[in-house]
$ cat upload.pdb   # PDB, C-alpha atoms
ATOM      1  CA  MET O   1      27.289 -65.972 -11.936
ATOM      2  CA  ALA O   2      23.947 -64.734 -10.571
ATOM      3  CA  ARG O   3      20.805 -66.752 -11.180
ATOM      4  CA  TYR O   4      17.463 -67.486  -9.546
ATOM      5  CA  THR O   5      17.648 -70.570  -7.320
ATOM      6  CA  GLY O   6      14.181 -70.566  -5.739
ATOM      7  CA  PRO O   7      11.182 -72.780  -6.566
ATOM      8  CA  ALA O   8      10.363 -72.592 -10.280
ATOM      9  CA  CYS O   9       6.666 -73.407  -9.947
ATOM     10  CA  ARG O  10       6.177 -70.390  -7.702
ATOM     11  CA  LEU O  11       7.144 -68.141 -10.633
ATOM     12  CA  CYS O  12       4.494 -69.648 -12.898
ATOM     13  CA  ARG O  13       1.867 -69.172 -10.209
ATOM     14  CA  ARG O  14       2.921 -65.566  -9.718
ATOM     15  CA  GLU O  15       2.584 -64.789 -13.415
ATOM     16  CA  GLY O  16      -0.593 -66.834 -13.793
ATOM     17  CA  THR O  17       0.690 -68.738 -16.820
ATOM     18  CA  LYS O  18       2.895 -71.720 -17.610
ATOM     19  CA  LEU O  19       6.462 -70.591 -18.249
ATOM     20  CA  PHE O  20       7.631 -74.179 -18.881
ATOM     21  CA  LEU O  21      10.414 -73.910 -16.322
ATOM     22  CA  LYS O  22      10.367 -77.620 -15.402
ATOM     23  CA  GLY O  23      10.094 -79.337 -18.771
ATOM     24  CA  ASP O  24       7.594 -82.170 -19.179
ATOM     25  CA  ARG O  25       6.332 -81.714 -15.615
ATOM     26  CA  CYS O  26       4.610 -78.524 -16.791
ATOM     27  CA  LEU O  27       2.529 -80.614 -19.225
ATOM     28  CA  SER O  28       1.536 -83.218 -16.645
ATOM     29  CA  ASP O  29      -0.996 -83.402 -13.818
ATOM     30  CA  LYS O  30       1.837 -82.574 -11.434
ATOM     31  CA  CYS O  31       2.002 -78.983 -12.703
ATOM     32  CA  SER O  32       1.707 -76.682  -9.699
ATOM     33  CA  LEU O  33      -0.264 -74.086 -11.650
ATOM     34  CA  ALA O  34      -2.855 -76.667 -12.708
ATOM     35  CA  ARG O  35      -3.328 -77.826  -9.124
ATOM     36  CA  ARG O  36      -3.237 -74.413  -7.435
ATOM     37  CA  ALA O  37      -3.774 -71.493  -9.806
ATOM     38  CA  THR O  38      -3.478 -68.786  -7.154
ATOM     39  CA  VAL O  39      -0.836 -66.147  -6.590
ATOM     40  CA  PRO O  40       1.634 -67.376  -3.927
ATOM     41  CA  GLY O  41       1.668 -65.671  -0.564
ATOM     42  CA  PRO O  42      -0.737 -65.076   2.334
ATOM     43  CA  HIS O  43      -2.602 -62.231   0.607
ATOM     44  CA  ALA O  44      -3.552 -64.046  -2.606
ATOM     45  CA  ALA O  45      -7.278 -63.666  -1.917
ATOM     46  CA  ASN O  46      -6.908 -59.886  -1.625
ATOM     47  CA  GLN O  47      -5.361 -59.332  -5.068
ATOM     48  CA  LYS O  48      -6.813 -56.276  -6.812
ATOM     49  CA  LYS O  49      -7.244 -55.724 -10.518
ATOM     50  CA  LEU O  50      -3.980 -54.590 -12.075
ATOM     51  CA  LYS O  51      -3.636 -51.029 -13.248
ATOM     52  CA  GLU O  52      -1.507 -49.901 -16.191
ATOM     53  CA  TYR O  53       1.827 -50.003 -14.351
ATOM     54  CA  GLY O  54       1.028 -53.373 -12.801
ATOM     55  CA  MET O  55       0.271 -54.881 -16.213
ATOM     56  CA  GLN O  56       3.532 -53.532 -17.623
ATOM     57  CA  LEU O  57       5.525 -54.832 -14.663
ATOM     58  CA  ARG O  58       3.984 -58.289 -14.829
ATOM     59  CA  GLU O  59       4.759 -58.571 -18.556
ATOM     60  CA  LYS O  60       8.380 -57.647 -17.926
ATOM     61  CA  GLN O  61       8.642 -60.157 -15.089
ATOM     62  CA  LYS O  62       7.064 -62.836 -17.276
ATOM     63  CA  ALA O  63       9.668 -62.323 -20.029
ATOM     64  CA  LYS O  64      12.540 -62.293 -17.532
ATOM     65  CA  ARG O  65      11.441 -65.514 -15.927
ATOM     66  CA  TYR O  66      10.619 -67.277 -19.187
ATOM     67  CA  TYR O  67      14.182 -66.754 -20.444
ATOM     68  CA  GLY O  68      15.827 -67.057 -17.017
ATOM     69  CA  VAL O  69      17.584 -63.687 -16.771
ATOM     70  CA  LEU O  70      17.807 -61.238 -13.885
ATOM     71  CA  GLU O  71      16.856 -57.569 -13.783
ATOM     72  CA  ASN O  72      20.122 -55.835 -14.693
ATOM     73  CA  GLN O  73      20.806 -58.202 -17.564
ATOM     74  CA  PHE O  74      17.267 -57.852 -18.869
ATOM     75  CA  HIS O  75      17.566 -54.067 -18.805
ATOM     76  CA  THR O  76      20.842 -54.320 -20.737
ATOM     77  CA  TYR O  77      19.069 -56.354 -23.419
ATOM     78  CA  PHE O  78      16.385 -53.675 -23.622
ATOM     79  CA  GLU O  79      18.974 -50.930 -24.078
ATOM     80  CA  LYS O  80      20.596 -52.895 -26.912
ATOM     81  CA  ALA O  81      17.227 -53.538 -28.536
ATOM     82  CA  ASN O  82      16.294 -49.865 -28.268
ATOM     83  CA  LYS O  83      19.441 -48.847 -30.158
ATOM     84  CA  GLN O  84      18.758 -51.241 -33.031
ATOM     85  CA  SER O  85      16.652 -50.312 -36.023
ATOM     86  CA  GLY O  86      13.148 -51.728 -36.148
ATOM     87  CA  VAL O  87      10.587 -52.399 -33.425
ATOM     88  CA  THR O  88      12.163 -52.341 -29.968
ATOM     89  CA  GLY O  89       9.926 -55.033 -28.469
ATOM     90  CA  ALA O  90      10.585 -57.468 -31.305
ATOM     91  CA  ASN O  91      14.317 -56.701 -31.123
ATOM     92  CA  LEU O  92      14.290 -57.483 -27.400
ATOM     93  CA  LEU O  93      12.663 -60.879 -27.855
ATOM     94  CA  SER O  94      15.010 -61.662 -30.747
ATOM     95  CA  LEU O  95      18.047 -61.018 -28.533
ATOM     96  CA  LEU O  96      16.668 -63.233 -25.786
ATOM     97  CA  GLU O  97      15.923 -66.014 -28.283
ATOM     98  CA  ARG O  98      19.519 -65.928 -29.504
ATOM     99  CA  ARG O  99      21.009 -66.631 -26.083
ATOM    100  CA  LEU O 100      23.052 -69.821 -26.262
ATOM    101  CA  ASP O 101      21.149 -71.512 -23.418
ATOM    102  CA  ASN O 102      17.873 -70.856 -25.253
ATOM    103  CA  VAL O 103      19.299 -72.195 -28.517
ATOM    104  CA  VAL O 104      20.383 -75.405 -26.759
ATOM    105  CA  TYR O 105      16.869 -75.708 -25.320
ATOM    106  CA  ARG O 106      15.324 -75.156 -28.757
ATOM    107  CA  MET O 107      17.574 -77.916 -30.102
ATOM    108  CA  GLY O 108      15.936 -80.326 -27.662
ATOM    109  CA  LEU O 109      19.050 -80.762 -25.523
ATOM    110  CA  GLY O 110      17.552 -79.894 -22.181
ATOM    111  CA  GLU O 111      14.161 -80.409 -20.563
ATOM    112  CA  SER O 112      14.078 -76.742 -19.571
ATOM    113  CA  ARG O 113      16.095 -73.593 -20.120
ATOM    114  CA  ARG O 114      17.480 -73.979 -16.625
ATOM    115  CA  GLU O 115      18.873 -77.411 -17.467
ATOM    116  CA  SER O 116      20.193 -76.201 -20.846
ATOM    117  CA  ARG O 117      21.913 -73.317 -19.069
ATOM    118  CA  GLN O 118      23.635 -75.812 -16.773
ATOM    119  CA  PHE O 119      24.815 -77.860 -19.747
ATOM    120  CA  VAL O 120      26.343 -74.744 -21.334
ATOM    121  CA  VAL O 121      28.078 -73.721 -18.091
ATOM    122  CA  HIS O 122      29.605 -77.201 -17.856
ATOM    123  CA  GLY O 123      31.198 -76.708 -21.269
ATOM    124  CA  HIS O 124      29.272 -79.318 -23.237
ATOM    125  CA  PHE O 125      28.846 -77.172 -26.375
ATOM    126  CA  GLU O 126      30.964 -75.595 -29.074
ATOM    127  CA  VAL O 127      30.115 -72.646 -31.286
ATOM    128  CA  ASN O 128      31.988 -72.604 -34.589
ATOM    129  CA  GLY O 129      34.450 -75.177 -33.285
ATOM    130  CA  LYS O 130      35.270 -73.413 -30.000
ATOM    131  CA  LYS O 131      33.998 -74.333 -26.549
ATOM    132  CA  VAL O 132      31.605 -71.713 -25.174
ATOM    133  CA  ASP O 133      30.463 -71.924 -21.538
ATOM    134  CA  ILE O 134      28.614 -68.598 -21.336
ATOM    135  CA  PRO O 135      24.807 -69.050 -21.346
ATOM    136  CA  SER O 136      24.237 -65.424 -22.401
ATOM    137  CA  TYR O 137      26.405 -65.757 -25.516
ATOM    138  CA  ILE O 138      24.425 -64.297 -28.438
ATOM    139  CA  VAL O 139      24.523 -66.448 -31.560
ATOM    140  CA  ARG O 140      24.477 -64.937 -35.046
ATOM    141  CA  PRO O 141      23.420 -66.154 -38.499
ATOM    142  CA  GLY O 142      25.972 -68.662 -39.744
ATOM    143  CA  ASP O 143      26.946 -69.896 -36.268
ATOM    144  CA  VAL O 144      26.988 -73.661 -35.764
ATOM    145  CA  ILE O 145      26.274 -75.034 -32.287
ATOM    146  CA  VAL O 146      27.514 -78.585 -31.642
ATOM    147  CA  LEU O 147      27.323 -80.963 -28.702
ATOM    148  CA  ARG O 148      30.899 -81.931 -27.840
ATOM    149  CA  ASP O 149      32.000 -85.530 -28.438
ATOM    150  CA  ARG O 150      32.718 -86.399 -24.821
ATOM    151  CA  ALA O 151      29.257 -85.228 -23.729
ATOM    152  CA  ARG O 152      27.564 -87.599 -26.188
ATOM    153  CA  LYS O 153      28.823 -90.558 -24.159
ATOM    154  CA  SER O 154      26.689 -89.684 -21.131
ATOM    155  CA  GLU O 155      23.391 -91.514 -20.648
ATOM    156  CA  LYS O 156      21.616 -88.196 -20.147
ATOM    157  CA  PHE O 157      22.520 -86.907 -23.589
ATOM    158  CA  LYS O 158      22.115 -90.304 -25.288
ATOM    159  CA  ALA O 159      18.438 -90.325 -24.295
ATOM    160  CA  MET O 160      17.877 -86.814 -25.656
ATOM    161  CA  ILE O 161      19.804 -87.458 -28.891
ATOM    162  CA  GLU O 162      17.480 -90.372 -29.681
ATOM    163  CA  THR O 163      14.506 -87.983 -29.761
ATOM    164  CA  LEU O 164      16.064 -85.222 -31.870
ATOM    165  CA  ASP O 165      14.383 -86.442 -35.054
ATOM    166  CA  THR O 166      11.006 -85.663 -33.493
ATOM    167  CA  LYS O 167      11.837 -82.076 -32.521
ATOM    168  CA  VAL O 168      10.136 -79.197 -34.314
ATOM    169  CA  MET O 169      12.679 -76.451 -34.937
ATOM    170  CA  PRO O 170      11.909 -72.740 -35.245
ATOM    171  CA  LYS O 171      12.463 -71.409 -38.766
ATOM    172  CA  TRP O 172      15.667 -69.633 -37.798
ATOM    173  CA  LEU O 173      17.397 -72.849 -36.687
ATOM    174  CA  GLU O 174      18.461 -75.761 -38.871
ATOM    175  CA  LEU O 175      18.989 -78.995 -36.939
ATOM    176  CA  ASP O 176      21.305 -81.818 -37.984
ATOM    177  CA  ALA O 177      20.245 -84.700 -35.734
ATOM    178  CA  ASN O 178      23.057 -86.991 -36.933
ATOM    179  CA  ALA O 179      25.764 -84.450 -36.085
ATOM    180  CA  VAL O 180      23.868 -83.254 -32.973
ATOM    181  CA  SER O 181      24.285 -79.698 -34.190
ATOM    182  CA  ALA O 182      22.221 -76.707 -35.221
ATOM    183  CA  LYS O 183      22.979 -73.857 -37.579
ATOM    184  CA  VAL O 184      21.570 -70.367 -37.120
ATOM    185  CA  VAL O 185      20.161 -69.550 -40.556
ATOM    186  CA  ALA O 186      18.443 -66.249 -39.760
ATOM    187  CA  ILE O 187      17.654 -63.686 -37.099
ATOM    188  CA  PRO O 188      14.528 -64.843 -35.222
ATOM    189  CA  GLN O 189      11.509 -62.703 -36.067
ATOM    190  CA  ARG O 190       8.534 -61.931 -33.850
ATOM    191  CA  ASP O 191       6.388 -64.514 -35.636
ATOM    192  CA  ASP O 192       8.937 -67.200 -34.762
ATOM    193  CA  ILE O 193       8.304 -66.764 -31.015
ATOM    194  CA  ASP O 194       5.160 -68.637 -30.081
ATOM    195  CA  PHE O 195       4.843 -67.536 -26.456
ATOM    196  CA  PRO O 196       2.079 -64.876 -26.092
ATOM    197  CA  PHE O 197       4.175 -61.938 -24.930
ATOM    198  CA  GLU O 198       2.804 -58.405 -25.050
ATOM    199  CA  GLU O 199       6.221 -56.856 -25.525
ATOM    200  CA  GLN O 200       4.821 -53.371 -26.108
ATOM    201  CA  LEU O 201       3.955 -53.243 -22.401
ATOM    202  CA  ILE O 202       7.637 -53.835 -21.585
ATOM    203  CA  VAL O 203       8.665 -51.024 -23.918
ATOM    204  CA  GLU O 204       6.145 -48.693 -22.281
ATOM    205  CA  LEU O 205       7.440 -49.609 -18.817
ATOM    206  CA  TYR O 206      11.073 -48.820 -19.655
ATOM    207  CA  SER O 207      10.126 -45.686 -21.612
ATOM    208  CA  LYS O 208       8.728 -43.902 -18.571
TER     209      LYS O 208
END

$ encode --input "upload.pdb" --output "structure tokens"
Amino acid sequence: MARYTGPACRLCRREGTKLFLKGDRCLSDKCSLARRATVPGPHAANQKKLKEYGMQLREKQKAKRYYGVLENQFHTYFEKANKQSGVTGANLLSLLERRLDNVVYRMGLGESRRESRQFVVHGHFEVNGKKVDIPSYIVRPGDVIVLRDRARKSEKFKAMIETLDTKVMPKWLELDANAVSAKVVAIPQRDDIDFPFEEQLIVELYSK
């Protein structure tokens, strides 16, 4: 299963914004972007102002890295979004939000999407009563995502479960902290995604 394994902080520096790839570290003084807000590489000082294509490319890269998907998979999501009715950019972000690893992260069971992805791969979650270990699994309204009983015994999950009552859920998810589960109550809309994407730039890039 392909995934990016390089330094996460380098990606934030490249995009010039916090992608929250390392959980609470991104909010602390240890954040690499806060300490060194330059583009990585030996030619950082020679960076020129981005033109139209560069802006479109950077926005696409930002979305890919925020959700932790690679190029071919991201393009597949775009093709699906383009075939759906409605606004293509909003459809694309909605699909990415409904990935199982992102849902687990939104539930508060993972300090980052990378960690939540690992939890899913290790088979710690069930969807509608069946174990699902595919991070890219797309949840639908009515689906119930539950942390499996044996996983709740680990110290790692015990610490996170204790903080579930403090988590702020997006409107399309309904959390049951006692059952350590979440129900998908709606399709996520553009207003439910608080990260400042300019998804129209991605649509323009792929429409060329």

$ resolve_selection --input "upload.pdb" --expression "the PyMOL selection byres ((chain O and resi 126) around 9)" --output "list in words"
Gly123, His124, Phe125, Val127, Asn128, Gly129, Lys130, Lys131, Val132, Asp133, Val144, Ile145, Val146, Leu147 and Arg148 of chain O

$ resolve_selection --input "upload.pdb" --expression "the PyMOL selection byres ((chain O and resi 53) around 12)" --output "JSON list (two decimals) with C-alpha atoms, in the coordinates of the input"
[["chain", "number", "residue", "atom", "x", "y", "z"],
["O", 49, "LYS", "CA", -7.24, -55.72, -10.52],
["O", 50, "LEU", "CA", -3.98, -54.59, -12.08],
["O", 51, "LYS", "CA", -3.64, -51.03, -13.25],
["O", 52, "GLU", "CA", -1.51, -49.90, -16.19],
["O", 54, "GLY", "CA", 1.03, -53.37, -12.80],
["O", 55, "MET", "CA", 0.27, -54.88, -16.21],
["O", 56, "GLN", "CA", 3.53, -53.53, -17.62],
["O", 57, "LEU", "CA", 5.52, -54.83, -14.66],
["O", 58, "ARG", "CA", 3.98, -58.29, -14.83],
["O", 59, "GLU", "CA", 4.76, -58.57, -18.56],
["O", 60, "LYS", "CA", 8.38, -57.65, -17.93],
["O", 201, "LEU", "CA", 3.96, -53.24, -22.40],
["O", 202, "ILE", "CA", 7.64, -53.84, -21.58],
["O", 203, "VAL", "CA", 8.66, -51.02, -23.92],
["O", 204, "GLU", "CA", 6.14, -48.69, -22.28],
["O", 205, "LEU", "CA", 7.44, -49.61, -18.82],
["O", 206, "TYR", "CA", 11.07, -48.82, -19.66],
["O", 207, "SER", "CA", 10.13, -45.69, -21.61],
["O", 208, "LYS", "CA", 8.73, -43.90, -18.57]]

$ closest_residue --input "upload.pdb" --among "O:Arg106, O:Arg150, O:Lys62, O:Arg117" --to "Ala182 in chain O" --atoms "all atoms listed in the file"
O:Arg106

$ closest_residue --input "upload.pdb" --among "O:Leu19, O:Gln200, O:Ser154, O:Met107" --to "Val87 in chain O" --atoms "all atoms listed in the file"
O:Gln200

$ residues_around --input "upload.pdb" --residues "range 74-80 of chain O" --least-positions-apart "2" --cutoff "10 Å" --atoms "all atoms listed in the file" --output "ChimeraX atom specification"
/O:60-61,63-64,67-72,82-84,88-89,91-96,202-203,206

$ atom_distance --input "upload.pdb" --atom1 "CA of Asp192 in chain O" --atom2 "CA of Arg152 in chain O"
28.9 Å

$ residues_around --input "upload.pdb" --residues "Glu115 in chain O" --least-positions-apart "2" --cutoff "10 Å" --atoms "only C-alpha atoms" --output "list in words"
Leu21, Lys22, Gly23, Asp101, Val104, Tyr105, Leu109, Gly110, Glu111, Ser112, Arg113, Arg117, Gln118, Phe119, Val120 and Val121 of chain O

$ resolve_selection --input "upload.pdb" --expression "the PyMOL selection byres ((chain O and resi 187) around 10)" --output "VMD selection string"
chain O and resid 91 94 to 95 97 to 98 139 to 141 171 to 173 184 to 186 188 to 190 192

$ atom_distance --input "upload.pdb" --atom1 "CA of Asp176 in chain O" --atom2 "CA of Val103 in chain O"
13.6 Å

$ closest_residue --input "upload.pdb" --among "O:Ile193, O:Ala179, O:Leu100, O:Ala81" --to "Pro135 in chain O" --atoms "all atoms listed in the file"
O:Leu100

$ atom_distance --input "upload.pdb" --atom1 "CA of Arg65 in chain O" --atom2 "CA of Ile134 in chain O"
18.3 Å

$ closest_residue --input "upload.pdb" --among "O:Gly142, O:Phe197, O:Met160, O:Arg99" --to "Glu174 in chain O" --atoms "all atoms listed in the file"
O:Gly142

$ axis_aligned_box --input "upload.pdb" --around "range 105-109 of chain O" --padding-each-side "6 Å" --output "AutoDock Vina command-line options"
--center_x 17.2 --center_y -78.0 --center_z -27.7 --size_x 15.7 --size_y 17.6 --size_z 16.8
